[in-house]
Amino acid sequence: MIFGLEFPPLSHIVDWPVFLFEDTAFGINKVVLVYFAAIILTVLVFVLGNQRKLVPTGAQNLAESSVNFIEDGIIMQSMGPRGLKWAPLLTAMFFFIFFNNIFEVIPGVQMPGTARIALPMFLAIFVWFVFNIAGMIEHGPIGYLKHSLIPPGVPVGLLPIIVPIEFVSNFLVRPFSLMVRLFANLLAGHILLVTFAVLTAALWTTEWYAVFLPLPLFAVIFFVAFEILVSFLQAYVFTLLTAVYIDSATSHEH
Amino acid sequence: MRRITRLLLIAALGVAALVGTAAPAGAVGESVEGCTIEAVQEMLEGKEGLEPGTPEYEAISEETEEAVADCIEAPNVLLPEINEVIWGGIGFLVVLFFMMKFGFPAAKKAMTDRTAKIQGDLDAAEQAKADAEAVKADYESKVAEAKAEAGRIIEEARQDADRLRADQQARLNEELTAARTQAQADIDAAKGQAMSELRGEVATIAIGAAESVVGANLDRDAQTRLIEDYINRVQAAPSGNGQG
Amino acid sequence: MILAEITDTGLAALTYGIGALGPGIGIGYLVGQAVQAMARQPEAAGMVRTTMFLGIAFVEALALIGFVVFFLGQA
């Protein structure tokens with residue numbers, strides 16, 4: 001035999017069969033169920049948190065401290081007080097992404113909804129529309145183009161070089177990097193977990209090489225903790241970057 | 001409120017159960033659409049014992065190759081599935097709508113309400129403290145007033161007593177003086193009367209003595225001696241004699 | 001499938017490994033400088049941390065593009 005590991009093809013790790021409404025565009029597979037669970041959890045946090053008790057406990061604590069976190073940790077750090085009106089959008093974004101991410105380590109699910117490119121792509125395009133429209137409302141369409149394409153203090157001779165660079169970086173790279181960052185982080189984490197889980201399962205034998213079992217086992221435990229951190233961090237970074245993009249589109253100074 | 005919570009919890013549990021029972025992908029032995037390494041291996045095992053070149057052998061080989069090709073030609077992970085885009089988009093928009101309409105304003109309102117309530121309570125406590133302090137100050141001022149009043153009353157009483165004593169002293173002194181003056185006047189009056197009586201007596205006596213002198217015709221020495229005798233007699237005589 | 005076979009996949013994986021070098025160095029340098037800044041000015045730690053995460057996100061994007069190219073190369 002080949003002393004190797006039977007490993008599923010990478011593209012199959014996150015490929016899930018549609019088991020409901022198979023032949024329509026609304027097919028439901030496991031990833032869609034993860035989306036639903038994320039919606040319900042987000043709603044649940046804020047419905048349970050809406051208790052109006054003077055001394056907050058449980059879900060109320062979570063809801064209120066997260067509102068604080070979004071306002072003080074993200075908006076005030078990146079946009080300042082004038083960004084506070086974006087707090088509901090950013091809160092929704094943070095929670096939806098975070099709950100989608102955290103299903104990566106929930107036993108029995110073990111699949112982040114954001115490890116498929118569909119959701120990150122939708123969110124990135126959504127953010128692209130949000131910051132462009134916000135900028136156009138703030139500066140007017142022509143003013144917004146001028147604001148985002150021509151940095152102040154650039155000599156006219158350099159404009160033919162600067163404008164395409166600015167265009168690519170502001171309108172193409174931003175949504176693409178948002179999408180790829182979220183998707184690739186979560187997919188990489190999922191592959192890591194699968195790799196070490198498969199390795200652990202393969203070493204679960206009575207052969208002599210079972211002595212190596214602790215290594216992938218501890219790696220799985222470590223990476224589960226690491227992926228919890230990554231889940232939080234990616235939701236935070238996505239929300240923070242959304243705030244920064246909206247800020248740079250609507251700011252009046254550079 | 002509680003019914004909504006319960007319904008949401010039931011829905012979450014249902015979704016979790018569905019998710020949990022969905023076929024795990026990527027685990028050893030099971031994969032999607034019948035594409036597994038083990039399935040291919042089983043097919044390959046079917047070839048054992050067959051001669052290469054026989055139709056069965058070729059058929060199994062072809063089947064295996066097709067399965068392997070299916071495996072490799074799985075959809076690329078970079079291509080979005082349309083159903084996931086649709087559901088993910090709808091899901092995010094639902095969350096966004098919920099958050100903008102209910103979740104965020106409610107949480108925010110709860111927090112601002114709490115801030116206002118705590119601020120109000122603190123202000124009320126401050127007010128109550130100020131009130132209590134005012135009452136205490138009032139009470140203390142009253143106590144001080146009462147103390148001052150008592151001191152004043154005592155002082156007044158003492159002054160009254162002093163004055164009374166001084167008055168009595170003065171009246172006593174006055175009476176004494178008056179009595180003394182009266183006595184002196186009495187004495188003086190008595191003395192004056194006695195003197196005038198004596199003077200009359202003396203004159204009478206002198207007239208008598210002169211009569212006797214003139215009557216007896218005595219010499220100077222005898223006259224003088226007579227007068228002196230007389231005076232001495234008068235002096236030595238008891239006062240009762242003055243009138244005799 | 002056997003890992004570490006010299007195939008297109010193996011080449012793609014190697015490409016990703018090389019592509020991860022630069023961002024690795026970059027993130028290390030970035031976080032080190034951020035920690036220095038926080039140690040020197042603890043009162044500015046919040047701002048430094050936010051900026052650090054932004055910088056990490058931008059640098060990390062390069063490595064992740066390498067990761068995606070790995071999948072492109074595989075297809």
# chains A, B, ... in the order shown; residues from 1 in each chain; ligands from 1
>>> residues_around(residues="Pro23 (chain C)", least_positions_apart="3", cutoff="6 Å", atoms="only C-alpha atoms", output="ChimeraX atom specification")
/C:20,26-27,59,63
>>> closest_atom_pairs(of="chain C", to="chain A", cutoff="10 Å", atoms="only C-alpha atoms", output="Markdown table")
| residue | atom | partner | partner_atom | distance |
| --- | --- | --- | --- | --- |
| C:Met1 | CA | A:Phe7 | CA | 6.0 |
| C:Ile2 | CA | A:Gly4 | CA | 6.4 |
| C:Leu3 | CA | A:Leu5 | CA | 7.8 |
| C:Gly46 | CA | A:Gln77 | CA | 7.8 |
| C:Met47 | CA | A:Gln77 | CA | 6.4 |
| C:Val48 | CA | A:Gln77 | CA | 9.7 |
| C:Arg49 | CA | A:Gln77 | CA | 9.6 |
| C:Thr50 | CA | A:Gln77 | CA | 6.9 |
| C:Thr51 | CA | A:Ser78 | CA | 8.8 |
| C:Phe53 | CA | A:Val237 | CA | 7.0 |
| C:Leu54 | CA | A:Val237 | CA | 7.1 |
| C:Ile56 | CA | A:Val237 | CA | 9.3 |
| C:Ala57 | CA | A:Val237 | CA | 6.9 |
| C:Phe58 | CA | A:Ser177 | CA | 8.1 |
| C:Glu60 | CA | A:Arg181 | CA | 7.6 |
| C:Ala61 | CA | A:Arg181 | CA | 5.7 |
| C:Leu62 | CA | A:Ser177 | CA | 8.7 |
| C:Ala63 | CA | A:Arg181 | CA | 9.2 |
| C:Leu64 | CA | A:Ala184 | CA | 5.9 |
| C:Ile65 | CA | A:Val180 | CA | 6.9 |
| C:Gly66 | CA | A:Ala184 | CA | 9.7 |
| C:Phe67 | CA | A:Ala184 | CA | 7.0 |
| C:Val68 | CA | A:Ala184 | CA | 6.9 |
| C:Phe71 | CA | A:Ser11 | CA | 8.4 |
| C:Gln74 | CA | A:Leu10 | CA | 9.3 |
| C:Ala75 | CA | A:Ser11 | CA | 9.3 |
>>> residues_around(residues="Ile70 (chain A)", least_positions_apart="2", cutoff="10 Å", atoms="only C-alpha atoms", output="list in words")
Glu64, Ser65, Ser66, Val67, Asn68, Asp72, Gly73, Ile74, Ile75, Met76, Gln77, Leu84, Trp86, Ala87, Pro88, Leu90, Thr91, Phe94, Tyr236, Thr239 and Leu240 of chain A
>>> write_last_selection(atoms="N, CA, C and O atoms", output="mmCIF file, in the first residue's frame")
data_model
loop_
_atom_site.group_PDB
_atom_site.id
_atom_site.type_symbol
_atom_site.label_atom_id
_atom_site.label_comp_id
_atom_site.auth_asym_id
_atom_site.auth_seq_id
_atom_site.Cartn_x
_atom_site.Cartn_y
_atom_site.Cartn_z
ATOM 1 N N GLU A 64 -25.946 44.752 24.543
ATOM 2 C CA GLU A 64 -25.537 46.125 24.830
ATOM 3 C C GLU A 64 -24.039 46.306 24.718
ATOM 4 O O GLU A 64 -23.561 47.313 24.213
ATOM 5 N N SER A 65 -23.275 45.289 25.177
ATOM 6 C CA SER A 65 -21.828 45.469 25.065
ATOM 7 C C SER A 65 -21.404 45.403 23.604
ATOM 8 O O SER A 65 -20.439 46.053 23.217
ATOM 9 N N SER A 66 -22.155 44.639 22.784
ATOM 10 C CA SER A 66 -21.771 44.622 21.372
ATOM 11 C C SER A 66 -22.118 45.947 20.710
ATOM 12 O O SER A 66 -21.370 46.419 19.847
ATOM 13 N N VAL A 67 -23.237 46.540 21.103
ATOM 14 C CA VAL A 67 -23.551 47.865 20.570
ATOM 15 C C VAL A 67 -22.452 48.847 20.954
ATOM 16 O O VAL A 67 -21.963 49.637 20.133
ATOM 17 N N ASN A 68 -22.005 48.746 22.214
ATOM 18 C CA ASN A 68 -20.901 49.585 22.661
ATOM 19 C C ASN A 68 -19.656 49.334 21.846
ATOM 20 O O ASN A 68 -18.940 50.261 21.468
ATOM 21 N N ASP A 72 -17.959 52.239 19.933
ATOM 22 C CA ASP A 72 -16.692 52.772 20.442
ATOM 23 C C ASP A 72 -15.488 52.129 19.780
ATOM 24 O O ASP A 72 -14.491 52.788 19.528
ATOM 25 N N GLY A 73 -15.580 50.828 19.517
ATOM 26 C CA GLY A 73 -14.409 50.103 19.027
ATOM 27 C C GLY A 73 -14.226 50.213 17.527
ATOM 28 O O GLY A 73 -13.116 50.080 17.033
ATOM 29 N N ILE A 74 -15.329 50.403 16.797
ATOM 30 C CA ILE A 74 -15.206 50.426 15.345
ATOM 31 C C ILE A 74 -15.486 51.825 14.800
ATOM 32 O O ILE A 74 -14.658 52.414 14.110
ATOM 33 N N ILE A 75 -16.656 52.367 15.130
ATOM 34 C CA ILE A 75 -17.038 53.614 14.465
ATOM 35 C C ILE A 75 -16.202 54.788 14.963
ATOM 36 O O ILE A 75 -15.639 55.548 14.176
ATOM 37 N N MET A 76 -16.089 54.906 16.318
ATOM 38 C CA MET A 76 -15.360 56.065 16.833
ATOM 39 C C MET A 76 -13.887 55.999 16.443
ATOM 40 O O MET A 76 -13.236 57.038 16.303
ATOM 41 N N GLN A 77 -13.350 54.781 16.282
ATOM 42 C CA GLN A 77 -11.930 54.651 15.931
ATOM 43 C C GLN A 77 -11.682 54.961 14.464
ATOM 44 O O GLN A 77 -10.588 55.352 14.093
ATOM 45 N N LEU A 84 -21.847 57.615 13.427
ATOM 46 C CA LEU A 84 -22.714 56.848 14.325
ATOM 47 C C LEU A 84 -24.011 56.417 13.658
ATOM 48 O O LEU A 84 -24.633 55.454 14.069
ATOM 49 N N TRP A 86 -24.274 54.977 10.961
ATOM 50 C CA TRP A 86 -24.058 53.713 10.271
ATOM 51 C C TRP A 86 -24.044 52.531 11.225
ATOM 52 O O TRP A 86 -23.841 51.395 10.818
ATOM 53 N N ALA A 87 -24.234 52.817 12.509
ATOM 54 C CA ALA A 87 -24.102 51.742 13.503
ATOM 55 C C ALA A 87 -25.050 50.566 13.255
ATOM 56 O O ALA A 87 -24.615 49.418 13.365
ATOM 57 N N PRO A 88 -26.329 50.763 12.903
ATOM 58 C CA PRO A 88 -27.172 49.581 12.671
ATOM 59 C C PRO A 88 -26.652 48.695 11.548
ATOM 60 O O PRO A 88 -26.609 47.469 11.696
ATOM 61 N N LEU A 90 -23.565 48.394 10.520
ATOM 62 C CA LEU A 90 -22.335 47.707 10.922
ATOM 63 C C LEU A 90 -22.620 46.626 11.959
ATOM 64 O O LEU A 90 -21.975 45.581 11.964
ATOM 65 N N THR A 91 -23.607 46.898 12.845
ATOM 66 C CA THR A 91 -23.959 45.871 13.828
ATOM 67 C C THR A 91 -24.527 44.643 13.132
ATOM 68 O O THR A 91 -24.147 43.504 13.450
ATOM 69 N N PHE A 94 -21.654 42.869 11.401
ATOM 70 C CA PHE A 94 -20.761 42.172 12.335
ATOM 71 C C PHE A 94 -21.397 40.889 12.834
ATOM 72 O O PHE A 94 -20.774 39.827 12.816
ATOM 73 N N TYR A 236 -14.714 41.379 12.664
ATOM 74 C CA TYR A 236 -14.281 42.713 13.096
ATOM 75 C C TYR A 236 -13.618 43.455 11.949
ATOM 76 O O TYR A 236 -13.926 44.622 11.674
ATOM 77 N N THR A 239 -16.075 44.494 9.235
ATOM 78 C CA THR A 239 -16.880 45.637 9.662
ATOM 79 C C THR A 239 -16.033 46.906 9.702
ATOM 80 O O THR A 239 -16.471 47.975 9.267
ATOM 81 N N LEU A 240 -14.821 46.768 10.221
ATOM 82 C CA LEU A 240 -13.933 47.935 10.320
ATOM 83 C C LEU A 240 -13.614 48.482 8.933
ATOM 84 O O LEU A 240 -13.647 49.702 8.717
#
>>> atom_distance(atom1="CA of Phe167 (chain A)", atom2="CA of Lys146 (chain A)")
10.6 Å
>>> atom_distance(atom1="CA of Ala11 (chain B)", atom2="CA of Ala37 (chain A)")
8.6 Å
>>> interface_residues(of="chain A", to="chain B", cutoff="6 Å", atoms="only C-alpha atoms", output="count of residues only")
16
>>> residues_around(residues="Pro160 (chain A)", least_positions_apart="6", cutoff="12 Å", atoms="only C-alpha atoms", output="ChimeraX atom specification")
/A:149-150,154,166-167
>>> select_by_dssp(residues="region 27-254 of chain A", states="alpha helix (DSSP H)", output="ChimeraX atom specification")
/A:30-48,58-68,76-78,87-102,118-139,141-149,159-167,174-203,214-250
